[in-house]
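Scroll down for the structure; my scribbles are underneath it.
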Amino acid sequence: DTEVGPEGSFPAASMPPLPLASASGSGMDVHVEEHKTRSITPGTYGAVVIEVHGTLRLAAGWYTFTSVQMWGDSKILGDRGVDTRATGLNVWIVNTLEMGEEAKIEPAWDDAKAKDFTILVAGSDPNKIRDPALGPPTTPLVPTTVVSMDHKSKIHGLLAAPHGTIWMAEHAGGKGAFAAFDIVLGEDVEVEFESGFSASTP
């Protein structure tokens with residue numbers, strides 16, 4: 001007795017505008033070794049890889065990364081800096097954002113809000129699994145999405161991936177606002193809304 005059909009037309013005119021992320025450029029790659037901490041200043045960079053228990057600290061400002069890959073229990077922390085008025089962090093990612101188990105992205109000061117850390121991912125969902133572990137990519141052992149958040153990974157900020165999918169595994173989530181072409185949530189994902197996207201966001 002299941003019926004399939006539209007409930008009504010999609011209310012496109014009344015929906016808020018989706019941030020359209022675009023990013024380009026590439027610079028020096030950033031590699032943070034296991035159990036190490038590295039700090040960088042605003043600018044254009046290549047691929048970012050943070051190994052297990054590694055921490056990358058970002059000063060306030062604008063960043064462009066080719067891609068971001070975070071291994072288990074790694075962190076990207078935003079610093080307020082000496083000038084307390086300079087609290088905004090804007091990260092533009094050309095391709096993909098991959099967060100390992102219990103990885104975290106967040107501003108690292110007590111009264112920080114989600115609006116203080118914006119992440120715009122411009123890439124699209126990949127066509128196949130990169131470096132599949134058990135042979136050819138016929139079974140999706142890992143998510144083939146432009147943003148993947150593994151088990152218990154968290155984001156405190158505003159995350160947009162308008163050209164692809166945000167995938168959150170079991171017990172992942174965060175605080176802020178999330179926008180994407182599609183969003184897929186595993187079991188026990190918890191997301192708390194805080195300071196959404198500005199209407200003036202590009």
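Ligands are numbered from 1 in the order shown, residues from 1 within each chain, and chains are lettered A, B, ... in the order they appear in the structure tokens.
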
* **Within 8 Å of Glu187 (chain A) using only C-alpha atoms, minus same-chain residues under 5 positions, as a count of residues only** => 3

* To do: Could you give me, as a VMD selection string, each residue of region 7-190 of chain A that DSSP assigns to strand (DSSP E or B) when run on this structure's backbone?
  => chain A and resid 30 to 32 37 to 40 43 to 44 47 to 50 55 to 58 61 to 65 67 to 70 75 to 78 89 to 93 97 to 99 104 to 107 117 to 121 147 to 149 154 to 168 173 to 185 190

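From CA of Val191 (chain A) back to CA of Gly46 (chain A), the distance works out to 29.8 Å.
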
* **From A:Met168, A:Ala23, A:Val147, A:Leu120, residue lying nearest Glu102 (chain A) [only C-alpha atoms]** =>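 Among A:Met168, A:Ala23, A:Val147, A:Leu120, it is A:Met168 that comes nearest to Glu102 (chain A).
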
* **Atom pair CA of Met28 (chain A) / CA of Ile76 (chain A): separation (Å)** =>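 These two atoms are separated by 17.6 Å.
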
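For the atom pair formed by CA of Ser14 (chain A) and CA of Trp167 (chain A), the distance is 25.9 Å, given to one decimal.
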
* Using only C-alpha atoms, pick whichever of A:Ile155, A:Ala59, A:Leu97, A:Val189 has the shortest atom-to-atom distance to Lys175 (chain A). =>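 Checking each candidate against Lys175 (chain A), we get A:Ile155 as the closest.
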
With only C-alpha atoms as the counted atoms, please give the residues lying no more than 9 Å from Asn95 (chain A), apart from itself and same-chain residues fewer than 2 positions off, as an mmCIF file with all heavy atoms, in the first residue's frame.
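Listing of result-v7.cif after writing:
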data_model
loop_
_atom_site.group_PDB
_atom_site.id
_atom_site.type_symbol
_atom_site.label_atom_id
_atom_site.label_comp_id
_atom_site.auth_asym_id
_atom_site.auth_seq_id
_atom_site.Cartn_x
_atom_site.Cartn_y
_atom_site.Cartn_z
ATOM 1 N N ALA A 23 37.044 27.523 -5.555
ATOM 2 C CA ALA A 23 38.390 27.720 -5.049
ATOM 3 C C ALA A 23 39.383 27.260 -6.094
ATOM 4 O O ALA A 23 39.134 26.320 -6.844
ATOM 5 C CB ALA A 23 38.592 26.949 -3.742
ATOM 6 N N PHE A 65 43.377 25.554 0.348
ATOM 7 C CA PHE A 65 44.074 24.276 0.345
ATOM 8 C C PHE A 65 43.609 23.467 -0.863
ATOM 9 O O PHE A 65 42.419 23.481 -1.216
ATOM 10 C CB PHE A 65 43.783 23.475 1.615
ATOM 11 C CG PHE A 65 44.218 24.145 2.891
ATOM 12 C CD1 PHE A 65 43.361 24.227 3.976
ATOM 13 C CD2 PHE A 65 45.485 24.689 3.010
ATOM 14 C CE1 PHE A 65 43.752 24.824 5.165
ATOM 15 C CE2 PHE A 65 45.892 25.299 4.193
ATOM 16 C CZ PHE A 65 45.028 25.372 5.267
ATOM 17 N N THR A 66 44.528 22.717 -1.488
ATOM 18 C CA THR A 66 44.128 21.837 -2.589
ATOM 19 C C THR A 66 43.218 20.733 -2.077
ATOM 20 O O THR A 66 42.195 20.406 -2.676
ATOM 21 C CB THR A 66 45.365 21.233 -3.273
ATOM 22 O OG1 THR A 66 46.175 22.295 -3.781
ATOM 23 C CG2 THR A 66 44.967 20.322 -4.419
ATOM 24 N N SER A 67 43.587 20.126 -0.955
ATOM 25 C CA SER A 67 42.778 19.095 -0.306
ATOM 26 C C SER A 67 43.214 19.002 1.148
ATOM 27 O O SER A 67 44.291 19.477 1.515
ATOM 28 C CB SER A 67 42.950 17.732 -0.997
ATOM 29 O OG SER A 67 44.297 17.315 -0.930
ATOM 30 N N VAL A 68 42.376 18.384 1.977
ATOM 31 C CA VAL A 68 42.697 18.205 3.391
ATOM 32 C C VAL A 68 42.406 16.762 3.765
ATOM 33 O O VAL A 68 41.284 16.266 3.572
ATOM 34 C CB VAL A 68 41.886 19.154 4.295
ATOM 35 C CG1 VAL A 68 42.173 18.858 5.764
ATOM 36 C CG2 VAL A 68 42.202 20.613 3.973
ATOM 37 N N ILE A 93 38.650 24.931 0.192
ATOM 38 C CA ILE A 93 39.269 23.673 -0.211
ATOM 39 C C ILE A 93 38.876 23.375 -1.651
ATOM 40 O O ILE A 93 37.683 23.310 -1.981
ATOM 41 C CB ILE A 93 38.845 22.531 0.728
ATOM 42 C CG1 ILE A 93 39.264 22.848 2.178
ATOM 43 C CG2 ILE A 93 39.460 21.204 0.281
ATOM 44 C CD1 ILE A 93 38.761 21.847 3.196
ATOM 45 N N LEU A 97 37.669 17.058 1.546
ATOM 46 C CA LEU A 97 37.965 17.110 2.972
ATOM 47 C C LEU A 97 37.685 15.732 3.550
ATOM 48 O O LEU A 97 36.542 15.254 3.507
ATOM 49 C CB LEU A 97 37.101 18.162 3.673
ATOM 50 C CG LEU A 97 37.099 18.151 5.208
ATOM 51 C CD1 LEU A 97 38.493 18.393 5.771
ATOM 52 C CD2 LEU A 97 36.102 19.171 5.758
ATOM 53 N N VAL A 121 34.016 23.860 0.666
ATOM 54 C CA VAL A 121 34.635 22.798 -0.129
ATOM 55 C C VAL A 121 34.066 22.880 -1.539
ATOM 56 O O VAL A 121 32.871 22.675 -1.756
ATOM 57 C CB VAL A 121 34.367 21.415 0.492
ATOM 58 C CG1 VAL A 121 35.084 20.330 -0.302
ATOM 59 C CG2 VAL A 121 34.823 21.391 1.949
ATOM 60 N N ALA A 122 34.930 23.176 -2.513
ATOM 61 C CA ALA A 122 34.471 23.440 -3.878
ATOM 62 C C ALA A 122 34.390 22.194 -4.747
ATOM 63 O O ALA A 122 33.791 22.221 -5.817
ATOM 64 C CB ALA A 122 35.413 24.455 -4.543
ATOM 65 N N GLY A 123 34.993 21.090 -4.307
ATOM 66 C CA GLY A 123 35.061 19.896 -5.148
ATOM 67 C C GLY A 123 33.732 19.175 -5.280
ATOM 68 O O GLY A 123 32.756 19.478 -4.592
ATOM 69 N N SER A 124 33.724 18.184 -6.181
ATOM 70 C CA SER A 124 32.562 17.324 -6.392
ATOM 71 C C SER A 124 32.869 15.930 -5.857
ATOM 72 O O SER A 124 34.028 15.583 -5.614
ATOM 73 C CB SER A 124 32.220 17.244 -7.890
ATOM 74 O OG SER A 124 31.950 18.518 -8.408
ATOM 75 N N ASP A 125 31.832 15.124 -5.680
ATOM 76 C CA ASP A 125 32.041 13.757 -5.207
ATOM 77 C C ASP A 125 32.946 13.004 -6.175
ATOM 78 O O ASP A 125 32.736 13.057 -7.393
ATOM 79 C CB ASP A 125 30.702 13.024 -5.098
ATOM 80 C CG ASP A 125 29.838 13.573 -3.977
ATOM 81 O OD1 ASP A 125 30.379 14.308 -3.124
ATOM 82 O OD2 ASP A 125 28.640 13.271 -3.955
ATOM 83 N N VAL A 146 32.699 14.138 -1.259
ATOM 84 C CA VAL A 146 33.673 15.232 -1.230
ATOM 85 C C VAL A 146 34.045 15.604 0.195
ATOM 86 O O VAL A 146 35.163 16.043 0.462
ATOM 87 C CB VAL A 146 33.139 16.442 -2.022
ATOM 88 C CG1 VAL A 146 31.965 17.091 -1.300
ATOM 89 C CG2 VAL A 146 34.231 17.456 -2.288
#

* Asked: Hey, what does DSSP flag as helix (DSSP H, G or I) within region 14-177 of chain A? Can you give it to me as a ChimeraX atom specification?
  -> /A:14,114-116

Kindly export the residues of the current selection with N, CA, C and O atoms, as a PDB file, in the first residue's frame.
ATOM      1  N   SER A  14      11.410  30.283  -1.844  1.00  0.00           N
ATOM      2  CA  SER A  14      11.413  30.621  -0.422  1.00  0.00           C
ATOM      3  C   SER A  14      12.612  30.053   0.315  1.00  0.00           C
ATOM      4  O   SER A  14      12.786  30.293   1.509  1.00  0.00           O
ATOM      5  N   ALA A 114      30.442  29.402  15.784  1.00  0.00           N
ATOM      6  CA  ALA A 114      30.576  28.729  14.495  1.00  0.00           C
ATOM      7  C   ALA A 114      30.907  29.709  13.377  1.00  0.00           C
ATOM      8  O   ALA A 114      31.660  29.395  12.454  1.00  0.00           O
ATOM      9  N   LYS A 115      30.367  30.924  13.454  1.00  0.00           N
ATOM     10  CA  LYS A 115      30.601  31.923  12.410  1.00  0.00           C
ATOM     11  C   LYS A 115      32.061  32.352  12.337  1.00  0.00           C
ATOM     12  O   LYS A 115      32.488  32.970  11.363  1.00  0.00           O
ATOM     13  N   ASP A 116      32.850  32.017  13.364  1.00  0.00           N
ATOM     14  CA  ASP A 116      34.266  32.383  13.374  1.00  0.00           C
ATOM     15  C   ASP A 116      35.115  31.459  12.504  1.00  0.00           C
ATOM     16  O   ASP A 116      36.290  31.736  12.276  1.00  0.00           O
TER      17      ASP A 116
END

* Out of A:Phe117, A:Phe193, A:Trp71, A:Phe178, which residue has the shortest atom-to-atom distance to His35 (chain A) when counting only C-alpha atoms? ->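 Closest candidate: A:Trp71.
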
* Which polymer residues have any atom within 10 Å of an atom of Gln69 (chain A), counting only C-alpha atoms, with same-chain residues fewer than 5 positions away left out, as a list in words? ->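 The residues that qualify are His31, Ala47, Val48, Val49, Ile50, Glu51, Ser74, Thr96, Leu97, Glu98, Met99, Gly100 and Ser148 of chain A.
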
Residues of the last selection are to be written out with N, CA and C atoms, as a PDB file, in the first residue's frame.
ATOM      1  N   HIS A  31      52.462  19.138   5.688  1.00  0.00           N
ATOM      2  CA  HIS A  31      52.474  17.793   6.275  1.00  0.00           C
ATOM      3  C   HIS A  31      52.761  17.909   7.769  1.00  0.00           C
ATOM      4  N   ALA A  47      48.289  20.288  -0.865  1.00  0.00           N
ATOM      5  CA  ALA A  47      47.584  19.264  -0.099  1.00  0.00           C
ATOM      6  C   ALA A  47      48.009  19.312   1.370  1.00  0.00           C
ATOM      7  N   VAL A  48      47.034  19.177   2.268  1.00  0.00           N
ATOM      8  CA  VAL A  48      47.280  19.129   3.709  1.00  0.00           C
ATOM      9  C   VAL A  48      47.070  17.699   4.185  1.00  0.00           C
ATOM     10  N   VAL A  49      48.087  17.137   4.850  1.00  0.00           N
ATOM     11  CA  VAL A  49      47.978  15.808   5.448  1.00  0.00           C
ATOM     12  C   VAL A  49      48.395  15.925   6.909  1.00  0.00           C
ATOM     13  N   ILE A  50      47.501  15.517   7.807  1.00  0.00           N
ATOM     14  CA  ILE A  50      47.782  15.552   9.245  1.00  0.00           C
ATOM     15  C   ILE A  50      47.721  14.124   9.756  1.00  0.00           C
ATOM     16  N   GLU A  51      48.848  13.624  10.238  1.00  0.00           N
ATOM     17  CA  GLU A  51      48.911  12.244  10.697  1.00  0.00           C
ATOM     18  C   GLU A  51      48.247  12.078  12.066  1.00  0.00           C
ATOM     19  N   SER A  74      43.307  13.569  14.815  1.00  0.00           N
ATOM     20  CA  SER A  74      44.055  14.773  14.437  1.00  0.00           C
ATOM     21  C   SER A  74      43.155  15.999  14.585  1.00  0.00           C
ATOM     22  N   THR A  96      38.828  17.831  -1.834  1.00  0.00           N
ATOM     23  CA  THR A  96      38.095  17.056  -0.834  1.00  0.00           C
ATOM     24  C   THR A  96      38.568  17.331   0.587  1.00  0.00           C
ATOM     25  N   LEU A  97      37.669  17.058   1.546  1.00  0.00           N
ATOM     26  CA  LEU A  97      37.965  17.110   2.972  1.00  0.00           C
ATOM     27  C   LEU A  97      37.685  15.732   3.550  1.00  0.00           C
ATOM     28  N   GLU A  98      38.730  15.072   4.087  1.00  0.00           N
ATOM     29  CA  GLU A  98      38.586  13.751   4.687  1.00  0.00           C
ATOM     30  C   GLU A  98      39.017  13.824   6.149  1.00  0.00           C
ATOM     31  N   MET A  99      38.111  13.461   7.046  1.00  0.00           N
ATOM     32  CA  MET A  99      38.398  13.485   8.473  1.00  0.00           C
ATOM     33  C   MET A  99      38.362  12.065   9.023  1.00  0.00           C
ATOM     34  N   GLY A 100      39.468  11.638   9.643  1.00  0.00           N
ATOM     35  CA  GLY A 100      39.541  10.308  10.231  1.00  0.00           C
ATOM     36  C   GLY A 100      38.785  10.217  11.536  1.00  0.00           C
ATOM     37  N   SER A 148      34.033  13.694   3.951  1.00  0.00           N
ATOM     38  CA  SER A 148      33.754  12.491   4.733  1.00  0.00           C
ATOM     39  C   SER A 148      34.231  12.700   6.154  1.00  0.00           C
TER      40      SER A 148
END
